[in-house]
Amino acid sequence: MARKPASPKAAPPKAAPPPASAPADPRKGVVDALFRLAASRPWGEIELGEIATEAGISLVTLRGLFPSKLAILGGLTRIVDDAVLAGQSDDLVGEPARERMFDLVMRRLDALAPYKAGLRRIMPAVRRDPMTLAALNRGAINSWRYMLASAGIATEDALGGVRVQGAVLLMARVAEVWLDDDEPELSRTMARLDRELKTAGWVLSRAEDIHRLTAPLRGLARAFCGARPRVRRRERGESRHGGEDNEDFAPAI
């Protein structure tokens with residue numbers, strides 16, 4: 001009887017390819033490029049084309065990522081926000097708000113540390129431009145809503161706006177010292193932060209007192225405004241009285 005040919009040996013399974021590394025964030029690459037340039041160049045001399053070249057992308061790609069140089073500068077806020085929020089822990093949940101704020105500001109400064117050389121050259125130029133400061137303040141307000149939320153501090157109640165804007169100002173004052181503080185322990189920065197937190201606590205306490213004392217007046221004002229009769233809308237085509245527009249008169253409230 002003829003012998004059956006031996007079946008060919010199965011090929012050994014191929015090893016799975018190594019997992020692909022996560023693609024680099026192109027927006028962070030642009031922000032990093034700007035700050036590399038800013039570490040040795042005046043802010044006003046850095047052009048968009050130079051940023052694109054430094055980041056290794058085209059102007060078309062840069063335009064799709066950021067609409068302006070100021071927007072690139074604002075992109076640093078998002079990078080720092082992500083780093084701080086990703087490193088959030090529950091270690092200080094039971095601590096006073098002051099301790100949570102101290103930890104939050106120091107962690108934010110740690111995230112800003114790689115960009116310190118560029119910030120030293122950028123911030124003096126930014127402080128001379130009120131429009132730029134106003135734009136950056138709007139971004140900082142959005143940022144600190146999340147920062148305070150991560151520390152369990154209310155931002156949506158009646159005094160939430162005061163807390164958020166106060167945190168923005170506190171961070172700006174502490175950062176002024178931090179930019180010139182090269183000590184590894186950051187002792188001058190922490191001393192300034194401690195003083196600013198004491199001042200902020202006093203201001204917020206007074207704001208809470210005023211808000212509590214004026215509660216009856218606010219209630220009376222709401223009652224008065226709610227009791228005012230509404231002016232009925234005239235039907236379309238009705239003759240106008242005294243030459244006035246055919247619209248309701250809506251008093252400011």
# chains A, B, ... in the order shown; residues from 1 in each chain; ligands from 1
$ select_by_dssp --residues "range 115-161 of chain A" --states "alpha helix (DSSP H)" --output "PyMOL selection string"
chain A and resi 116-127+130-150+160-161
$ write_last_selection --atoms "N, CA and C atoms" --output "JSON list (two decimals), in the first residue's frame"
[["chain", "number", "residue", "atom", "x", "y", "z"],
["A", 116, "LYS", "N", 9.40, 77.63, 31.30],
["A", 116, "LYS", "CA", 9.75, 78.79, 32.12],
["A", 116, "LYS", "C", 10.66, 79.76, 31.38],
["A", 117, "ALA", "N", 11.65, 79.26, 30.65],
["A", 117, "ALA", "CA", 12.58, 80.15, 29.95],
["A", 117, "ALA", "C", 11.84, 81.00, 28.92],
["A", 118, "GLY", "N", 10.92, 80.41, 28.18],
["A", 118, "GLY", "CA", 10.16, 81.17, 27.21],
["A", 118, "GLY", "C", 9.20, 82.15, 27.87],
["A", 119, "LEU", "N", 8.58, 81.75, 28.97],
["A", 119, "LEU", "CA", 7.66, 82.64, 29.67],
["A", 119, "LEU", "C", 8.37, 83.87, 30.21],
["A", 120, "ARG", "N", 9.60, 83.71, 30.63],
["A", 120, "ARG", "CA", 10.35, 84.85, 31.14],
["A", 120, "ARG", "C", 10.47, 85.96, 30.10],
["A", 121, "ARG", "N", 10.59, 85.59, 28.83],
["A", 121, "ARG", "CA", 10.73, 86.59, 27.77],
["A", 121, "ARG", "C", 9.38, 87.04, 27.23],
["A", 122, "ILE", "N", 8.38, 86.17, 27.30],
["A", 122, "ILE", "CA", 7.07, 86.51, 26.73],
["A", 122, "ILE", "C", 6.28, 87.41, 27.66],
["A", 123, "MET", "N", 6.26, 87.11, 28.95],
["A", 123, "MET", "CA", 5.35, 87.80, 29.85],
["A", 123, "MET", "C", 5.59, 89.31, 29.94],
["A", 124, "PRO", "N", 6.83, 89.83, 29.96],
["A", 124, "PRO", "CA", 6.99, 91.29, 29.97],
["A", 124, "PRO", "C", 6.35, 91.96, 28.76],
["A", 125, "ALA", "N", 6.44, 91.33, 27.58],
["A", 125, "ALA", "CA", 5.82, 91.90, 26.39],
["A", 125, "ALA", "C", 4.30, 91.82, 26.48],
["A", 126, "VAL", "N", 3.78, 90.73, 27.01],
["A", 126, "VAL", "CA", 2.33, 90.56, 27.11],
["A", 126, "VAL", "C", 1.74, 91.58, 28.08],
["A", 127, "ARG", "N", 2.44, 91.86, 29.18],
["A", 127, "ARG", "CA", 1.91, 92.80, 30.17],
["A", 127, "ARG", "C", 1.79, 94.22, 29.62],
["A", 130, "PRO", "N", -2.69, 95.60, 26.68],
["A", 130, "PRO", "CA", -3.96, 95.34, 27.38],
["A", 130, "PRO", "C", -4.87, 94.38, 26.63],
["A", 131, "MET", "N", -4.90, 94.45, 25.30],
["A", 131, "MET", "CA", -5.78, 93.56, 24.55],
["A", 131, "MET", "C", -5.36, 92.10, 24.69],
["A", 132, "THR", "N", -4.05, 91.87, 24.65],
["A", 132, "THR", "CA", -3.54, 90.51, 24.83],
["A", 132, "THR", "C", -3.84, 90.00, 26.24],
["A", 133, "LEU", "N", -3.64, 90.87, 27.23],
["A", 133, "LEU", "CA", -3.94, 90.48, 28.60],
["A", 133, "LEU", "C", -5.41, 90.12, 28.77],
["A", 134, "ALA", "N", -6.29, 90.89, 28.15],
["A", 134, "ALA", "CA", -7.72, 90.61, 28.25],
["A", 134, "ALA", "C", -8.06, 89.26, 27.63],
["A", 135, "ALA", "N", -7.45, 88.98, 26.47],
["A", 135, "ALA", "CA", -7.71, 87.69, 25.81],
["A", 135, "ALA", "C", -7.20, 86.53, 26.65],
["A", 136, "LEU", "N", -6.02, 86.68, 27.21],
["A", 136, "LEU", "CA", -5.46, 85.62, 28.04],
["A", 136, "LEU", "C", -6.27, 85.43, 29.32],
["A", 137, "ASN", "N", -6.82, 86.53, 29.84],
["A", 137, "ASN", "CA", -7.64, 86.42, 31.05],
["A", 137, "ASN", "C", -8.89, 85.60, 30.80],
["A", 138, "ARG", "N", -9.49, 85.76, 29.61],
["A", 138, "ARG", "CA", -10.67, 84.96, 29.29],
["A", 138, "ARG", "C", -10.33, 83.47, 29.27],
["A", 139, "GLY", "N", -9.19, 83.14, 28.69],
["A", 139, "GLY", "CA", -8.77, 81.74, 28.68],
["A", 139, "GLY", "C", -8.46, 81.23, 30.08],
["A", 140, "ALA", "N", -7.85, 82.10, 30.90],
["A", 140, "ALA", "CA", -7.51, 81.70, 32.26],
["A", 140, "ALA", "C", -8.76, 81.45, 33.10],
["A", 141, "ILE", "N", -9.80, 82.23, 32.87],
["A", 141, "ILE", "CA", -11.05, 82.03, 33.60],
["A", 141, "ILE", "C", -11.63, 80.65, 33.29],
["A", 142, "ASN", "N", -11.66, 80.29, 32.02],
["A", 142, "ASN", "CA", -12.15, 78.96, 31.65],
["A", 142, "ASN", "C", -11.29, 77.86, 32.28],
["A", 143, "SER", "N", -9.99, 78.09, 32.28],
["A", 143, "SER", "CA", -9.07, 77.11, 32.86],
["A", 143, "SER", "C", -9.32, 76.93, 34.35],
["A", 144, "TRP", "N", -9.47, 78.03, 35.07],
["A", 144, "TRP", "CA", -9.58, 77.92, 36.52],
["A", 144, "TRP", "C", -10.93, 77.43, 36.98],
["A", 145, "ARG", "N", -11.93, 77.48, 36.14],
["A", 145, "ARG", "CA", -13.18, 76.80, 36.50],
["A", 145, "ARG", "C", -12.92, 75.31, 36.70],
["A", 146, "TYR", "N", -12.13, 74.74, 35.80],
["A", 146, "TYR", "CA", -11.81, 73.31, 35.92],
["A", 146, "TYR", "C", -10.83, 73.06, 37.05],
["A", 147, "MET", "N", -9.88, 73.97, 37.25],
["A", 147, "MET", "CA", -8.93, 73.79, 38.33],
["A", 147, "MET", "C", -9.64, 73.77, 39.69],
["A", 148, "LEU", "N", -10.52, 74.75, 39.90],
["A", 148, "LEU", "CA", -11.24, 74.79, 41.18],
["A", 148, "LEU", "C", -12.16, 73.59, 41.34],
["A", 149, "ALA", "N", -12.80, 73.19, 40.24],
["A", 149, "ALA", "CA", -13.66, 72.00, 40.31],
["A", 149, "ALA", "C", -12.86, 70.78, 40.71],
["A", 150, "SER", "N", -11.63, 70.66, 40.21],
["A", 150, "SER", "CA", -10.80, 69.51, 40.56],
["A", 150, "SER", "C", -10.42, 69.51, 42.03],
["A", 160, "GLY", "N", -19.38, 82.11, 42.61],
["A", 160, "GLY", "CA", -18.44, 81.32, 41.80],
["A", 160, "GLY", "C", -17.55, 82.18, 40.93],
["A", 161, "GLY", "N", -18.13, 83.20, 40.32],
["A", 161, "GLY", "CA", -17.33, 84.08, 39.47],
["A", 161, "GLY", "C", -16.25, 84.81, 40.24]]
$ closest_atom_pairs --of "range 68-103 of chain A" --to "range 36-50 of chain A" --cutoff "12 Å" --atoms "only C-alpha atoms" --output "tab-separated table"
residue	atom	partner	partner_atom	distance
A:Ser68	CA	A:Leu48	CA	8.0
A:Lys69	CA	A:Leu48	CA	6.8
A:Leu70	CA	A:Trp43	CA	10.4
A:Ala71	CA	A:Leu48	CA	11.5
A:Ile72	CA	A:Leu48	CA	10.0
A:Leu73	CA	A:Trp43	CA	10.5
$ write_last_selection --atoms "N, CA and C atoms" --output "short mmCIF file (atom, residue, chain, number, x, y, z; two decimals), in the first residue's frame"
data_model
loop_
_atom_site.label_atom_id
_atom_site.label_comp_id
_atom_site.auth_asym_id
_atom_site.auth_seq_id
_atom_site.Cartn_x
_atom_site.Cartn_y
_atom_site.Cartn_z
N SER A 68 -3.78 82.00 15.29
CA SER A 68 -2.87 83.13 15.51
C SER A 68 -1.75 82.72 16.46
N LYS A 69 -0.76 83.59 16.56
CA LYS A 69 0.33 83.35 17.51
C LYS A 69 -0.18 83.42 18.94
N LEU A 70 -1.09 84.34 19.19
CA LEU A 70 -1.66 84.44 20.53
C LEU A 70 -2.41 83.16 20.90
N ALA A 71 -3.10 82.56 19.93
CA ALA A 71 -3.80 81.30 20.18
C ALA A 71 -2.81 80.19 20.53
N ILE A 72 -1.64 80.21 19.91
CA ILE A 72 -0.61 79.21 20.26
C ILE A 72 -0.17 79.42 21.70
N LEU A 73 0.02 80.67 22.07
CA LEU A 73 0.39 80.97 23.46
C LEU A 73 -0.70 80.48 24.40
#
$ closest_atom_pairs --of "range 105-151 of chain A" --to "range 182-202 of chain A" --cutoff "10 Å" --atoms "only C-alpha atoms" --output "CSV"
residue,atom,partner,partner_atom,distance
A:Val105,CA,A:Leu193,CA,8.2
A:Met106,CA,A:Met190,CA,8.1
A:Leu109,CA,A:Thr189,CA,9.8
$ atom_distance --atom1 "CA of Val164 in chain A" --atom2 "CA of Pro67 in chain A"
26.5 Å
$ residues_around --residues "Leu65 in chain A" --least-positions-apart "3" --cutoff "8 Å" --atoms "only C-alpha atoms" --output "list in words"
Pro26, Arg27, Thr61 and Leu62 of chain A
$ closest_residue --among "A:Leu170, A:Gly74, A:Leu34, A:Pro96" --to "Thr53 in chain A" --atoms "only C-alpha atoms"
A:Leu34
$ atom_distance --atom1 "CA of Asp110 in chain A" --atom2 "CA of Ile153 in chain A"
21.0 Å
